[in-house]
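*Asks:* If it helps, the file is called upload22.pdb and holds PDB, C-alpha atoms:
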ATOM      1  CA  MET A1272     103.062  88.180 113.853
ATOM      2  CA  ALA A1273     103.894  87.953 110.195
ATOM      3  CA  LEU A1274     106.166  90.620 108.804
ATOM      4  CA  CYS A1275     104.753  92.601 105.962
ATOM      5  CA  CYS A1276     104.376  95.956 104.412
ATOM      6  CA  LEU A1277     101.162  97.961 104.345
ATOM      7  CA  ALA A1278      98.106  96.698 102.530
ATOM      8  CA  HIS A1279      98.185  97.770  98.915
ATOM      9  CA  ALA A1280      96.833 101.241  98.285
ATOM     10  CA  PRO A1281      94.856 101.747  95.057
ATOM     11  CA  ALA A1282      96.967 103.117  92.250
ATOM     12  CA  ALA A1283      96.390 106.711  91.294
ATOM     13  CA  VAL A1284      94.643 107.388  88.003
ATOM     14  CA  ALA A1285      97.218 108.310  85.394
ATOM     15  CA  ALA A1286      97.178 111.951  84.396
ATOM     16  CA  PRO A1287      96.861 112.845  80.705
ATOM     17  CA  LYS A1288     100.157 113.293  78.932
ATOM     18  CA  ALA A1289     101.223 116.102  76.665
ATOM     19  CA  PRO A1290     102.611 115.252  73.223
ATOM     20  CA  ALA A1291     105.925 113.401  73.422
ATOM     21  CA  ALA A1292     108.978 115.639  73.554
ATOM     22  CA  PRO A1293     111.750 114.964  71.046
ATOM     23  CA  ALA A1294     114.232 112.292  72.097
ATOM     24  CA  ILE A1295     117.678 113.440  73.192
ATOM     25  CA  ALA A1296     121.014 112.070  72.007
ATOM     26  CA  PRO A1297     122.187 108.819  73.614
ATOM     27  CA  PRO A1298     124.476 109.142  76.651
ATOM     28  CA  THR A1299     128.217 109.246  76.078
ATOM     29  CA  ALA A1300     130.858 107.423  78.113
ATOM     30  CA  ALA A1301     131.125 110.431  80.444
ATOM     31  CA  ASP A1302     127.410 110.255  81.300
ATOM     32  CA  TRP A1303     127.667 106.898  83.110
ATOM     33  CA  ARG A1304     128.561 106.180  86.739
ATOM     34  CA  THR A1305     130.064 102.943  88.103
ATOM     35  CA  PRO A1306     128.470 101.966  91.448
ATOM     36  CA  ASP A1307     130.593 100.732  94.331
ATOM     37  CA  PRO A1308     130.564  96.918  93.878
ATOM     38  CA  GLN A1309     130.378  96.529  97.677
ATOM     39  CA  ASN A1310     126.922  98.134  97.504
ATOM     40  CA  VAL A1311     125.499  96.179  94.566
ATOM     41  CA  LEU A1312     123.400  93.039  95.003
ATOM     42  CA  VAL A1313     123.108  90.573  92.126
ATOM     43  CA  ILE A1314     119.862  88.671  92.695
ATOM     44  CA  ASP A1315     119.373  85.680  90.424
ATOM     45  CA  THR A1316     115.784  84.423  90.414
ATOM     46  CA  THR A1317     113.726  81.804  88.654
ATOM     47  CA  LYS A1318     112.433  84.615  86.431
ATOM     48  CA  GLY A1319     115.776  86.268  85.675
ATOM     49  CA  ARG A1320     118.359  88.601  87.174
ATOM     50  CA  ILE A1321     117.757  91.709  89.286
ATOM     51  CA  ILE A1322     120.629  94.091  90.077
ATOM     52  CA  VAL A1323     120.133  96.382  93.075
ATOM     53  CA  GLU A1324     122.281  99.345  94.054
ATOM     54  CA  MET A1325     122.046  99.774  97.819
ATOM     55  CA  ALA A1326     122.191 103.194  99.516
ATOM     56  CA  PRO A1327     124.245 103.031 102.736
ATOM     57  CA  ALA A1328     124.119 106.815 103.081
ATOM     58  CA  ALA A1329     120.342 106.562 103.573
ATOM     59  CA  ALA A1330     120.142 103.297 105.551
ATOM     60  CA  PRO A1331     123.619 102.285 106.796
ATOM     61  CA  VAL A1332     122.554  99.693 109.393
ATOM     62  CA  THR A1333     120.086  98.002 107.047
ATOM     63  CA  VAL A1334     122.537  97.856 104.147
ATOM     64  CA  ALA A1335     125.258  96.369 106.358
ATOM     65  CA  GLN A1336     122.942  93.602 107.587
ATOM     66  CA  VAL A1337     121.577  92.752 104.139
ATOM     67  CA  ARG A1338     125.118  92.632 102.768
ATOM     68  CA  ASP A1339     126.217  90.306 105.580
ATOM     69  CA  LEU A1340     123.218  88.019 105.050
ATOM     70  CA  ALA A1341     123.864  87.857 101.312
ATOM     71  CA  ARG A1342     127.510  86.960 101.916
ATOM     72  CA  ALA A1343     126.446  84.201 104.290
ATOM     73  CA  GLY A1344     124.197  82.682 101.588
ATOM     74  CA  PHE A1345     121.144  83.349 103.748
ATOM     75  CA  TYR A1346     119.006  84.542 100.831
ATOM     76  CA  ASP A1347     119.840  81.704  98.435
ATOM     77  CA  GLY A1348     116.713  79.690  97.643
ATOM     78  CA  ARG A1349     114.300  81.991  99.458
ATOM     79  CA  ALA A1350     110.789  82.164  98.003
ATOM     80  CA  PHE A1351     108.760  85.157  96.953
ATOM     81  CA  PHE A1352     105.912  84.286  99.306
ATOM     82  CA  ARG A1353     103.753  87.425  99.093
ATOM     83  CA  VAL A1354     103.424  89.038  95.670
ATOM     84  CA  ILE A1355     100.757  91.627  94.920
ATOM     85  CA  ASP A1356     100.183  93.017  91.436
ATOM     86  CA  ASN A1357     100.854  96.748  91.056
ATOM     87  CA  PHE A1358     102.449  96.747  94.514
ATOM     88  CA  MET A1359     105.423  94.592  95.601
ATOM     89  CA  ASP A1360     107.220  91.206  95.865
ATOM     90  CA  GLN A1361     108.185  90.065  99.393
ATOM     91  CA  THR A1362     110.969  87.603 100.177
ATOM     92  CA  GLY A1363     113.910  86.992 102.521
ATOM     93  CA  ASP A1364     112.208  84.739 105.098
ATOM     94  CA  PRO A1365     113.945  81.427 105.965
ATOM     95  CA  GLN A1366     110.488  79.935 106.623
ATOM     96  CA  ASP A1367     109.115  81.312 103.322
ATOM     97  CA  ASP A1368     105.819  82.289 104.971
ATOM     98  CA  GLY A1369     106.354  85.784 106.385
ATOM     99  CA  LYS A1370     106.866  84.670 109.990
ATOM    100  CA  GLY A1371     110.587  84.005 110.124
ATOM    101  CA  GLN A1372     113.817  85.957 110.269
ATOM    102  CA  SER A1373     117.574  85.594 110.624
ATOM    103  CA  THR A1374     119.436  85.169 113.908
ATOM    104  CA  LYS A1375     120.839  88.688 113.573
ATOM    105  CA  PRO A1376     119.443  91.534 115.704
ATOM    106  CA  ASN A1377     116.366  93.391 114.540
ATOM    107  CA  LEU A1378     117.037  96.631 112.717
ATOM    108  CA  PRO A1379     116.304 100.174 113.847
ATOM    109  CA  PRO A1380     113.908 102.116 111.618
ATOM    110  CA  GLU A1381     115.772 104.117 108.985
ATOM    111  CA  PHE A1382     112.688 105.712 107.480
ATOM    112  CA  THR A1383     114.399 109.111 107.131
ATOM    113  CA  PHE A1384     117.973 110.367 107.194
ATOM    114  CA  ARG A1385     119.820 113.623 107.722
ATOM    115  CA  ARG A1386     121.191 115.194 104.562
ATOM    116  CA  GLY A1387     124.262 117.402 104.803
ATOM    117  CA  SER A1388     125.802 119.641 102.175
ATOM    118  CA  ASP A1389     128.479 116.997 101.597
ATOM    119  CA  MET A1390     125.985 114.228 100.791
ATOM    120  CA  PRO A1391     125.989 113.536  97.037
ATOM    121  CA  VAL A1392     122.283 114.051  96.340
ATOM    122  CA  ALA A1393     121.698 115.002  92.707
ATOM    123  CA  VAL A1394     118.821 117.488  92.914
ATOM    124  CA  VAL A1395     116.721 117.472  89.747
ATOM    125  CA  ILE A1396     113.444 119.012  90.958
ATOM    126  CA  THR A1397     112.786 121.911  93.350
ATOM    127  CA  ASP A1398     109.254 122.667  94.488
ATOM    128  CA  SER A1399     107.880 124.702  97.415
ATOM    129  CA  GLY A1400     111.032 124.441  99.511
ATOM    130  CA  ALA A1401     111.530 120.715  98.872
ATOM    131  CA  GLU A1402     114.221 119.169  96.703
ATOM    132  CA  GLY A1403     113.720 115.914  94.819
ATOM    133  CA  GLY A1404     116.497 113.901  93.290
ATOM    134  CA  PHE A1405     118.695 110.841  93.677
ATOM    135  CA  LEU A1406     121.152 109.533  96.224
ATOM    136  CA  GLY A1407     122.993 107.133  93.977
ATOM    137  CA  SER A1408     120.062 105.324  92.357
ATOM    138  CA  LEU A1409     117.657 105.848  95.262
ATOM    139  CA  PRO A1410     114.975 108.481  94.586
ATOM    140  CA  VAL A1411     114.770 110.896  97.517
ATOM    141  CA  VAL A1412     113.074 114.054  98.717
ATOM    142  CA  SER A1413     114.506 116.464 101.272
ATOM    143  CA  GLN A1414     113.990 119.860 102.742
ATOM    144  CA  SER A1415     115.919 122.566 100.948
ATOM    145  CA  MET A1416     119.580 122.558 101.947
ATOM    146  CA  SER A1417     119.228 126.293 102.624
ATOM    147  CA  LEU A1418     117.413 125.336 105.832
ATOM    148  CA  GLY A1419     120.592 123.662 107.044
ATOM    149  CA  LEU A1420     121.863 127.099 108.034
ATOM    150  CA  PHE A1421     119.278 127.085 110.811
ATOM    151  CA  THR A1422     119.628 123.545 112.194
ATOM    152  CA  ALA A1423     121.943 122.404 114.988
ATOM    153  CA  ASP A1424     123.717 119.853 112.803
ATOM    154  CA  GLN A1425     123.501 121.972 109.640
ATOM    155  CA  LYS A1426     121.601 119.126 108.001
ATOM    156  CA  VAL A1427     118.024 118.688 106.786
ATOM    157  CA  LYS A1428     115.476 115.888 106.839
ATOM    158  CA  ALA A1429     115.383 113.584 103.816
ATOM    159  CA  PHE A1430     113.743 110.283 102.930
ATOM    160  CA  GLY A1431     113.696 107.721 100.149
ATOM    161  CA  LEU A1432     110.667 107.281  97.913
ATOM    162  CA  PHE A1433     109.001 103.932  97.219
ATOM    163  CA  CYS A1434     109.136 104.241  93.439
ATOM    164  CA  PRO A1435     109.146 101.239  91.058
ATOM    165  CA  GLY A1436     112.192  99.064  91.709
ATOM    166  CA  VAL A1437     112.908 100.457  95.180
ATOM    167  CA  VAL A1438     113.771  97.822  97.802
ATOM    168  CA  GLY A1439     112.472  98.179 101.355
ATOM    169  CA  MET A1440     112.713  96.258 104.639
ATOM    170  CA  ALA A1441     109.581  94.450 105.769
ATOM    171  CA  ARG A1442     108.481  94.747 109.402
ATOM    172  CA  ALA A1443     105.620  94.045 111.802
ATOM    173  CA  GLU A1444     103.792  96.764 113.747
ATOM    174  CA  ASP A1445     106.905  97.494 115.800
ATOM    175  CA  GLU A1446     108.959  99.972 113.788
ATOM    176  CA  ALA A1447     112.150  98.229 114.970
ATOM    177  CA  SER A1448     111.083  94.716 113.894
ATOM    178  CA  GLY A1449     112.776  94.592 110.493
ATOM    179  CA  ASN A1450     115.389  91.845 110.208
ATOM    180  CA  SER A1451     115.920  89.922 106.962
ATOM    181  CA  GLN A1452     112.710  90.106 104.953
ATOM    182  CA  PHE A1453     112.492  92.716 102.214
ATOM    183  CA  PHE A1454     110.262  93.666  99.316
ATOM    184  CA  LEU A1455     110.809  94.997  95.796
ATOM    185  CA  MET A1456     108.349  97.529  94.433
ATOM    186  CA  ARG A1457     106.393  96.682  91.299
ATOM    187  CA  ALA A1458     104.815 100.171  91.269
ATOM    188  CA  ALA A1459     105.128 103.491  93.086
ATOM    189  CA  THR A1460     103.387 103.433  96.477
ATOM    190  CA  PRO A1461     103.724 106.755  98.338
ATOM    191  CA  ALA A1462     101.782 105.311 101.322
ATOM    192  CA  LEU A1463     105.007 103.532 102.342
ATOM    193  CA  ASP A1464     107.149 106.690 102.382
ATOM    194  CA  GLN A1465     108.593 107.432 105.855
ATOM    195  CA  LYS A1466     106.906 104.297 107.255
ATOM    196  CA  TYR A1467     109.373 101.676 105.972
ATOM    197  CA  THR A1468     113.118 101.673 105.332
ATOM    198  CA  PRO A1469     114.098 101.981 101.663
ATOM    199  CA  PHE A1470     117.671 100.791 101.258
ATOM    200  CA  GLY A1471     118.243 100.553  97.509
ATOM    201  CA  ARG A1472     116.776 100.341  94.046
ATOM    202  CA  ALA A1473     116.871  97.866  91.196
ATOM    203  CA  ILE A1474     118.885  99.457  88.402
ATOM    204  CA  SER A1475     118.197  96.425  86.221
ATOM    205  CA  GLY A1476     115.451  93.816  86.300
ATOM    206  CA  LEU A1477     112.233  95.757  86.910
ATOM    207  CA  ASP A1478     110.694  93.493  84.268
ATOM    208  CA  VAL A1479     111.794  90.503  86.366
ATOM    209  CA  ILE A1480     110.263  92.007  89.515
ATOM    210  CA  ARG A1481     106.967  92.402  87.668
ATOM    211  CA  ALA A1482     107.152  88.855  86.280
ATOM    212  CA  ILE A1483     107.329  87.103  89.683
ATOM    213  CA  LYS A1484     104.288  84.865  90.208
ATOM    214  CA  LEU A1485     101.428  86.588  92.042
ATOM    215  CA  GLY A1486      99.742  85.333  95.199
ATOM    216  CA  GLU A1487      99.501  85.545  98.998
ATOM    217  CA  PRO A1488     101.086  83.008  98.894
ATOM    218  CA  PRO A1489     101.572  82.180  95.209
ATOM    219  CA  ALA A1490     100.518  78.713  94.119
ATOM    220  CA  PRO A1491     103.421  76.237  93.942
ATOM    221  CA  PRO A1492     105.917  76.196  92.506
ATOM    222  CA  GLN A1493     106.764  79.618  93.889
ATOM    223  CA  ASP A1494     109.421  81.786  92.309
ATOM    224  CA  THR A1495     112.634  81.985  94.329
ATOM    225  CA  MET A1496     115.868  83.889  94.636
ATOM    226  CA  THR A1497     118.200  81.138  93.487
ATOM    227  CA  LYS A1498     121.333  83.073  94.468
ATOM    228  CA  VAL A1499     122.016  86.495  96.000
ATOM    229  CA  ARG A1500     125.579  87.837  95.874
ATOM    230  CA  VAL A1501     127.447  91.074  96.468
ATOM    231  CA  LEU A1502     128.905  92.193  93.135
ATOM    232  CA  ALA A1503     132.395  92.622  94.611
ATOM    233  CA  ASP A1504     132.423  88.951  95.652
ATOM    234  CA  ILE A1505     131.637  87.485  92.238
ATOM    235  CA  PRO A1506     134.715  86.016  90.504
ATOM    236  CA  ALA A1507     136.048  88.351  87.841
ATOM    237  CA  ALA A1508     135.411  85.856  85.039
ATOM    238  CA  GLU A1509     131.661  85.876  85.680
ATOM    239  CA  ARG A1510     131.164  89.294  87.289
ATOM    240  CA  PRO A1511     128.839  91.549  85.278
ATOM    241  CA  THR A1512     129.996  95.034  84.367
ATOM    242  CA  VAL A1513     127.524  97.493  85.867
ATOM    243  CA  ARG A1514     127.041 101.144  84.987
ATOM    244  CA  VAL A1515     124.108 103.441  85.669
ATOM    245  CA  ILE A1516     123.385 106.906  84.354
ATOM    246  CA  ASP A1517     124.960 109.725  86.358
ATOM    247  CA  THR A1518     122.013 111.712  87.738
ATOM    248  CA  ALA A1519     124.326 114.687  88.367
ATOM    249  CA  GLY A1520     125.461 114.813  84.739
ATOM    250  CA  PRO A1521     124.292 116.856  81.741
ATOM    251  CA  TRP A1522     122.598 113.949  79.936
ATOM    252  CA  PHE A1523     120.254 113.269  82.832
ATOM    253  CA  LYS A1524     119.523 116.978  83.240
ATOM    254  CA  ALA A1525     118.438 117.076  79.596
ATOM    255  CA  GLU A1526     116.317 113.947  80.141
ATOM    256  CA  VAL A1527     114.556 115.586  83.096
ATOM    257  CA  GLU A1528     113.763 118.581  80.898
ATOM    258  CA  ARG A1529     112.429 116.287  78.177
ATOM    259  CA  VAL A1530     110.164 114.370  80.560
ATOM    260  CA  THR A1531     108.951 117.617  82.142
ATOM    261  CA  LYS A1532     107.904 118.961  78.753
ATOM    262  CA  GLU A1533     106.177 115.684  77.883
ATOM    263  CA  LYS A1534     104.055 115.391  81.019
ATOM    264  CA  ALA A1535     100.919 117.473  81.538
ATOM    265  CA  VAL A1536     101.471 117.605  85.333
ATOM    266  CA  GLY A1537     104.457 118.025  87.650
ATOM    267  CA  VAL A1538     107.346 115.573  87.458
ATOM    268  CA  GLY A1539     108.731 113.760  90.505
ATOM    269  CA  PRO A1540     111.653 111.361  90.947
ATOM    270  CA  CYS A1541     109.347 108.344  90.438
ATOM    271  CA  ASP A1542     108.631 109.586  86.905
ATOM    272  CA  LEU A1543     112.284 109.377  85.899
ATOM    273  CA  ASP A1544     113.908 106.186  84.637
ATOM    274  CA  LEU A1545     117.604 105.596  85.233
ATOM    275  CA  PRO A1546     119.206 103.885  82.250
ATOM    276  CA  ALA A1547     121.673 101.157  83.145
ATOM    277  CA  ASP A1548     124.376  99.445  81.093
ATOM    278  CA  ILE A1549     124.861  95.837  82.219
ATOM    279  CA  HIS A1550     127.019  93.348  80.366
TER
END
If you convert what's in this file into structure tokens, what do you get?
*Replies:*
Amino acid sequence: MALCCLAHAPAAVAAPKAPAAPAIAPPTAADWRTPDPQNVLVIDTTKGRIIVEMAPAAAPVTVAQVRDLARAGFYDGRAFFRVIDNFMDQTGDPQDDGKGQSTKPNLPPEFTFRRGSDMPVAVVITDSGAEGGFLGSLPVVSQSMSLGLFTADQKVKAFGLFCPGVVGMARAEDEASGNSQFFLMRAATPALDQKYTPFGRAISGLDVIRAIKLGEPPAPPQDTMTKVRVLADIPAAERPTVRVIDTAGPWFKAEVERVTKEKAVGVGPCDLDLPADIH
């Protein structure tokens, strides 16, 4: 059976927006965060570069396997073989048709995770007992941490959101059939939440994700990942400098307030862009 994600759900109709709120001052040096280079993938494609920050706190087994595969050169040259507009780009199959996988073991589902008080989730939205925010660059939702007082492990349920740029593991019907194939979101698709494993988010290159040639499969020549590397492994002379906005900092708090004032309806993590500084 071919590995895939769910059939594309129709996009929601955009809600009317309120008048634009005034822009805030640009971030200062203190407003940026430097991701762990061991958890950053640099994906060079025929359409340009995508930089993904992975989230091992949310999906530790998946991140470890993807990192190992990248270091082995497994992803180099792999085609984007299933690309659906306003949905996602799928890749990571050595057969380039959705039916193959690596020789590594299949992955357990990491659709949700347990959030403890020591987990660095930057909460930016609280609504009806739920807390929305970011675990690194990954948009997440969890139960309120106050409920941790009443659980055996003093933790609460949390899960990543399939917002634009989020990267998830493909699978077949068996929830434990993920292996090497993954997909990058072109648009928010809540139908995937808690049904697939999100393990990171593109902090740069969403325009590249949306530029990949469409098709199931795309007509030849298909776009490919020409090279996939872990940032820490790239020689210093050619290694990009990567910073992303600190979602726990004052600049991002002010940006959340600005976006909230601008929108006519409630704001969720998928509505918030994370500026990145790549050079």
*Asks:* Figure out the distance between atom CA of A:Asn1357 and atom CA of A:Thr1497, please, to one decimal in Å.
*Replies:* 23.5 Å
*Asks:* Determine the residue set returned by the PyMOL selection byres ((chain A and resi 1499) around 7) for the present structure, and present it as an NGL selection string.
*Replies:* :A and (1312-1315 or 1341 or 1346-1347 or 1496 or 1498 or 1500)
*Asks:* Deliver the residues from the most recent selection as a file, using C-alpha atoms, as a PDB file, keeping the file's coordinate frame.
*Replies:*
ATOM      1  CA  LEU A1312     123.400  93.039  95.003  1.00  0.00           C
ATOM      2  CA  VAL A1313     123.108  90.573  92.126  1.00  0.00           C
ATOM      3  CA  ILE A1314     119.862  88.671  92.695  1.00  0.00           C
ATOM      4  CA  ASP A1315     119.373  85.680  90.424  1.00  0.00           C
ATOM      5  CA  ALA A1341     123.864  87.857 101.312  1.00  0.00           C
ATOM      6  CA  TYR A1346     119.006  84.542 100.831  1.00  0.00           C
ATOM      7  CA  ASP A1347     119.840  81.704  98.435  1.00  0.00           C
ATOM      8  CA  MET A1496     115.868  83.889  94.636  1.00  0.00           C
ATOM      9  CA  LYS A1498     121.333  83.073  94.468  1.00  0.00           C
ATOM     10  CA  ARG A1500     125.579  87.837  95.874  1.00  0.00           C
TER      11      ARG A1500
END
*Asks:* Just checking: using all atoms listed in the file, which residue out of A:Val1479, A:Leu1378, A:Ala1350, A:Ala1490 ends up closest to A:Gln1336?
*Replies:* A:Leu1378
*Asks:* One decimal, in Å: what's the spacing between atom CA of A:Phe1453 and atom CA of A:Val1395?
*Replies:*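 A separation of 28.0 Å between them.
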*Asks:* Could you name the residues that touch A:Ser1451 at 12 Å or less, counting all atoms listed in the file, but leaving out those on the same chain fewer than 5 positions away, as a VMD selection string?
*Replies:* chain A and resid 1274 to 1275 1333 to 1341 1345 to 1346 1349 1361 to 1367 1369 to 1378 1439 to 1442
*Asks:* What are the centre and the three edge lengths of an axis-aligned box that wraps all atoms of stretch 1425-1443 of chain A in the file, given that 3 Å is added to every side, written as JSON and rounded to one decimal in Å?
*Replies:*
{"center_x": 114.6, "center_y": 108.0, "center_z": 101.4, "size_x": 23.9, "size_y": 33.9, "size_z": 26.7}
*Asks:* I would like the residues chosen by the PyMOL selection byres ((chain A and resi 1503-1511) around 8) on the shown file; could you give them as a VMD selection string?
*Replies:* chain A and resid 1308 to 1309 1311 1500 to 1502 1512 to 1513 1549 to 1550
*Asks:* Contacts of A:Pro1546 at 10 Å or less, counting only C-alpha atoms, minus same-chain residues fewer than 3 places along, as a tab-separated table (two decimals) with C-alpha atoms, in the coordinates of the input?
*Replies:*
chain	number	residue	atom	x	y	z
A	1298	PRO	CA	124.48	109.14	76.65
A	1303	TRP	CA	127.67	106.90	83.11
A	1474	ILE	CA	118.88	99.46	88.40
A	1475	SER	CA	118.20	96.42	86.22
A	1514	ARG	CA	127.04	101.14	84.99
A	1515	VAL	CA	124.11	103.44	85.67
A	1516	ILE	CA	123.38	106.91	84.35
A	1517	ASP	CA	124.96	109.72	86.36
A	1518	THR	CA	122.01	111.71	87.74
A	1523	PHE	CA	120.25	113.27	82.83
A	1543	LEU	CA	112.28	109.38	85.90
A	1549	ILE	CA	124.86	95.84	82.22
*Asks:* Atom CA of A:Arg1342 to atom CA of A:Gln1452: how many Å, to one decimal?
*Replies:* 15.4 Å
*Asks:* Rank A:Ser1408, A:Ser1413, A:Thr1468, A:Thr1460 by their smallest atom-to-atom distance to A:Glu1324, using all atoms listed in the file, and report the top residue only.
*Replies:*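 Of A:Ser1408, A:Ser1413, A:Thr1468, A:Thr1460, the one nearest A:Glu1324 is A:Ser1408, counting all atoms listed in the file.
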*Asks:* Which residue out of A:Ile1321, A:Ala1343, A:Ile1355, A:Ala1328 has the minimum interatomic distance to A:Gly1486 when only C-alpha atoms are used?
*Replies:*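 Closest candidate: A:Ile1355.
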*Asks:* Smallest atom-to-atom distance to A:Val1530: which of A:Pro1492, A:Ile1396, A:Asp1307, A:Ser1417, using all atoms listed in the file?
*Replies:*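 Counting all atoms listed in the file, the residue closest to A:Val1530 is A:Ile1396.
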*Asks:* With all atoms listed in the file as the basis for distance, which of A:Ala1535, A:Ala1458, A:Leu1477, A:Ala1525 is at the shortest distance from A:Ala1294?
*Replies:*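 That would be A:Ala1525, the residue with the smallest distance to A:Ala1294.
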*Asks:* Starting from the PyMOL selection byres ((chain A and resi 1325) around 7), expand the selection into actual residues of this file and give them as a list of chain:residue names.
*Replies:*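 Evaluating the PyMOL selection byres ((chain A and resi 1325) around 7) on these coordinates yields A:Asn1310, A:Val1311, A:Val1323, A:Glu1324, A:Ala1326, A:Pro1327, A:Val1334, A:Phe1470, A:Gly1471, A:Arg1472.
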*Asks:* Hey, which of A:Gly1344, A:Pro1380, A:Pro1410, A:Pro1489 ends up closest to A:Val1437? Count only C-alpha atoms.
*Replies:*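 Closest to A:Val1437 of all the choices is A:Pro1410.
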*Asks:* I'd like the contact shell of stretch 1419-1430 of chain A - 7 Å cut-off, all atoms listed in the file, skipping same-chain residues fewer than 6 positions apart - returned as a list in words.
*Replies:* Phe1382, Thr1383, Phe1384, Arg1385, Arg1386, Gly1387, Val1411, Val1412, Ser1413 and Gln1465 of chain A
*Asks:* Write the selection just made, keeping C-alpha atoms, as a short mmCIF file (atom, residue, chain, number, x, y, z; two decimals), in the coordinates of the input?
*Replies:*
data_model
loop_
_atom_site.label_atom_id
_atom_site.label_comp_id
_atom_site.auth_asym_id
_atom_site.auth_seq_id
_atom_site.Cartn_x
_atom_site.Cartn_y
_atom_site.Cartn_z
CA PHE A 1382 112.69 105.71 107.48
CA THR A 1383 114.40 109.11 107.13
CA PHE A 1384 117.97 110.37 107.19
CA ARG A 1385 119.82 113.62 107.72
CA ARG A 1386 121.19 115.19 104.56
CA GLY A 1387 124.26 117.40 104.80
CA VAL A 1411 114.77 110.90 97.52
CA VAL A 1412 113.07 114.05 98.72
CA SER A 1413 114.51 116.46 101.27
CA GLN A 1465 108.59 107.43 105.86
#
*Asks:* Excluding A:Gly1436 and residues on its chain fewer than 2 positions from it, collect all residues at most 7 Å away from it, counting only C-alpha atoms, and give them as a ChimeraX atom specification.
*Replies:* /A:1434,1438,1455-1457,1472-1473,1477
*Asks:* Go ahead and find all residues with at least one atom no further than 7 Å from (124.4, 111.0, 94.5) in the file's coordinates, using only C-alpha atoms; report them as a list in words.
*Replies:* Pro1391, Val1392, Ala1393, Phe1405, Leu1406 and Gly1407 of chain A
*Asks:* As a JSON list (two decimals), in the frame of the given file, could you write out stretch 1423-1438 of chain A once it has been completed with N, CA and C atoms?
*Replies:*
[["chain", "number", "residue", "atom", "x", "y", "z"],
["A", 1423, "ALA", "N", 120.79, 122.60, 114.11],
["A", 1423, "ALA", "CA", 121.94, 122.40, 114.99],
["A", 1423, "ALA", "C", 123.06, 121.64, 114.30],
["A", 1424, "ASP", "N", 122.69, 120.66, 113.48],
["A", 1424, "ASP", "CA", 123.72, 119.85, 112.80],
["A", 1424, "ASP", "C", 124.00, 120.32, 111.38],
["A", 1425, "GLN", "N", 123.37, 121.41, 110.99],
["A", 1425, "GLN", "CA", 123.50, 121.97, 109.64],
["A", 1425, "GLN", "C", 123.10, 120.97, 108.57],
["A", 1426, "LYS", "N", 122.15, 120.10, 108.93],
["A", 1426, "LYS", "CA", 121.60, 119.13, 108.00],
["A", 1426, "LYS", "C", 120.09, 119.27, 107.95],
["A", 1427, "VAL", "N", 119.47, 118.62, 106.94],
["A", 1427, "VAL", "CA", 118.02, 118.69, 106.79],
["A", 1427, "VAL", "C", 117.45, 117.27, 106.67],
["A", 1428, "LYS", "N", 116.15, 117.18, 106.91],
["A", 1428, "LYS", "CA", 115.48, 115.89, 106.84],
["A", 1428, "LYS", "C", 115.33, 115.45, 105.39],
["A", 1429, "ALA", "N", 115.56, 114.15, 105.15],
["A", 1429, "ALA", "CA", 115.38, 113.58, 103.82],
["A", 1429, "ALA", "C", 114.83, 112.17, 103.96],
["A", 1430, "PHE", "N", 114.24, 111.66, 102.91],
["A", 1430, "PHE", "CA", 113.74, 110.28, 102.93],
["A", 1430, "PHE", "C", 113.67, 109.73, 101.52],
["A", 1431, "GLY", "N", 113.80, 108.40, 101.43],
["A", 1431, "GLY", "CA", 113.70, 107.72, 100.15],
["A", 1431, "GLY", "C", 112.25, 107.52, 99.76],
["A", 1432, "LEU", "N", 112.01, 107.45, 98.46],
["A", 1432, "LEU", "CA", 110.67, 107.28, 97.91],
["A", 1432, "LEU", "C", 110.48, 105.84, 97.42],
["A", 1433, "PHE", "N", 109.29, 105.30, 97.67],
["A", 1433, "PHE", "CA", 109.00, 103.93, 97.22],
["A", 1433, "PHE", "C", 108.48, 103.95, 95.78],
["A", 1434, "CYS", "N", 109.40, 104.23, 94.88],
["A", 1434, "CYS", "CA", 109.14, 104.24, 93.44],
["A", 1434, "CYS", "C", 109.29, 102.81, 92.90],
["A", 1435, "PRO", "N", 108.90, 102.56, 91.65],
["A", 1435, "PRO", "CA", 109.15, 101.24, 91.06],
["A", 1435, "PRO", "C", 110.61, 100.83, 91.17],
["A", 1436, "GLY", "N", 110.84, 99.58, 91.58],
["A", 1436, "GLY", "CA", 112.19, 99.06, 91.71],
["A", 1436, "GLY", "C", 112.86, 99.29, 93.05],
["A", 1437, "VAL", "N", 112.30, 100.19, 93.87],
["A", 1437, "VAL", "CA", 112.91, 100.46, 95.18],
["A", 1437, "VAL", "C", 112.75, 99.23, 96.07],
["A", 1438, "VAL", "N", 113.75, 98.97, 96.91],
["A", 1438, "VAL", "CA", 113.77, 97.82, 97.80],
["A", 1438, "VAL", "C", 113.65, 98.32, 99.24]]
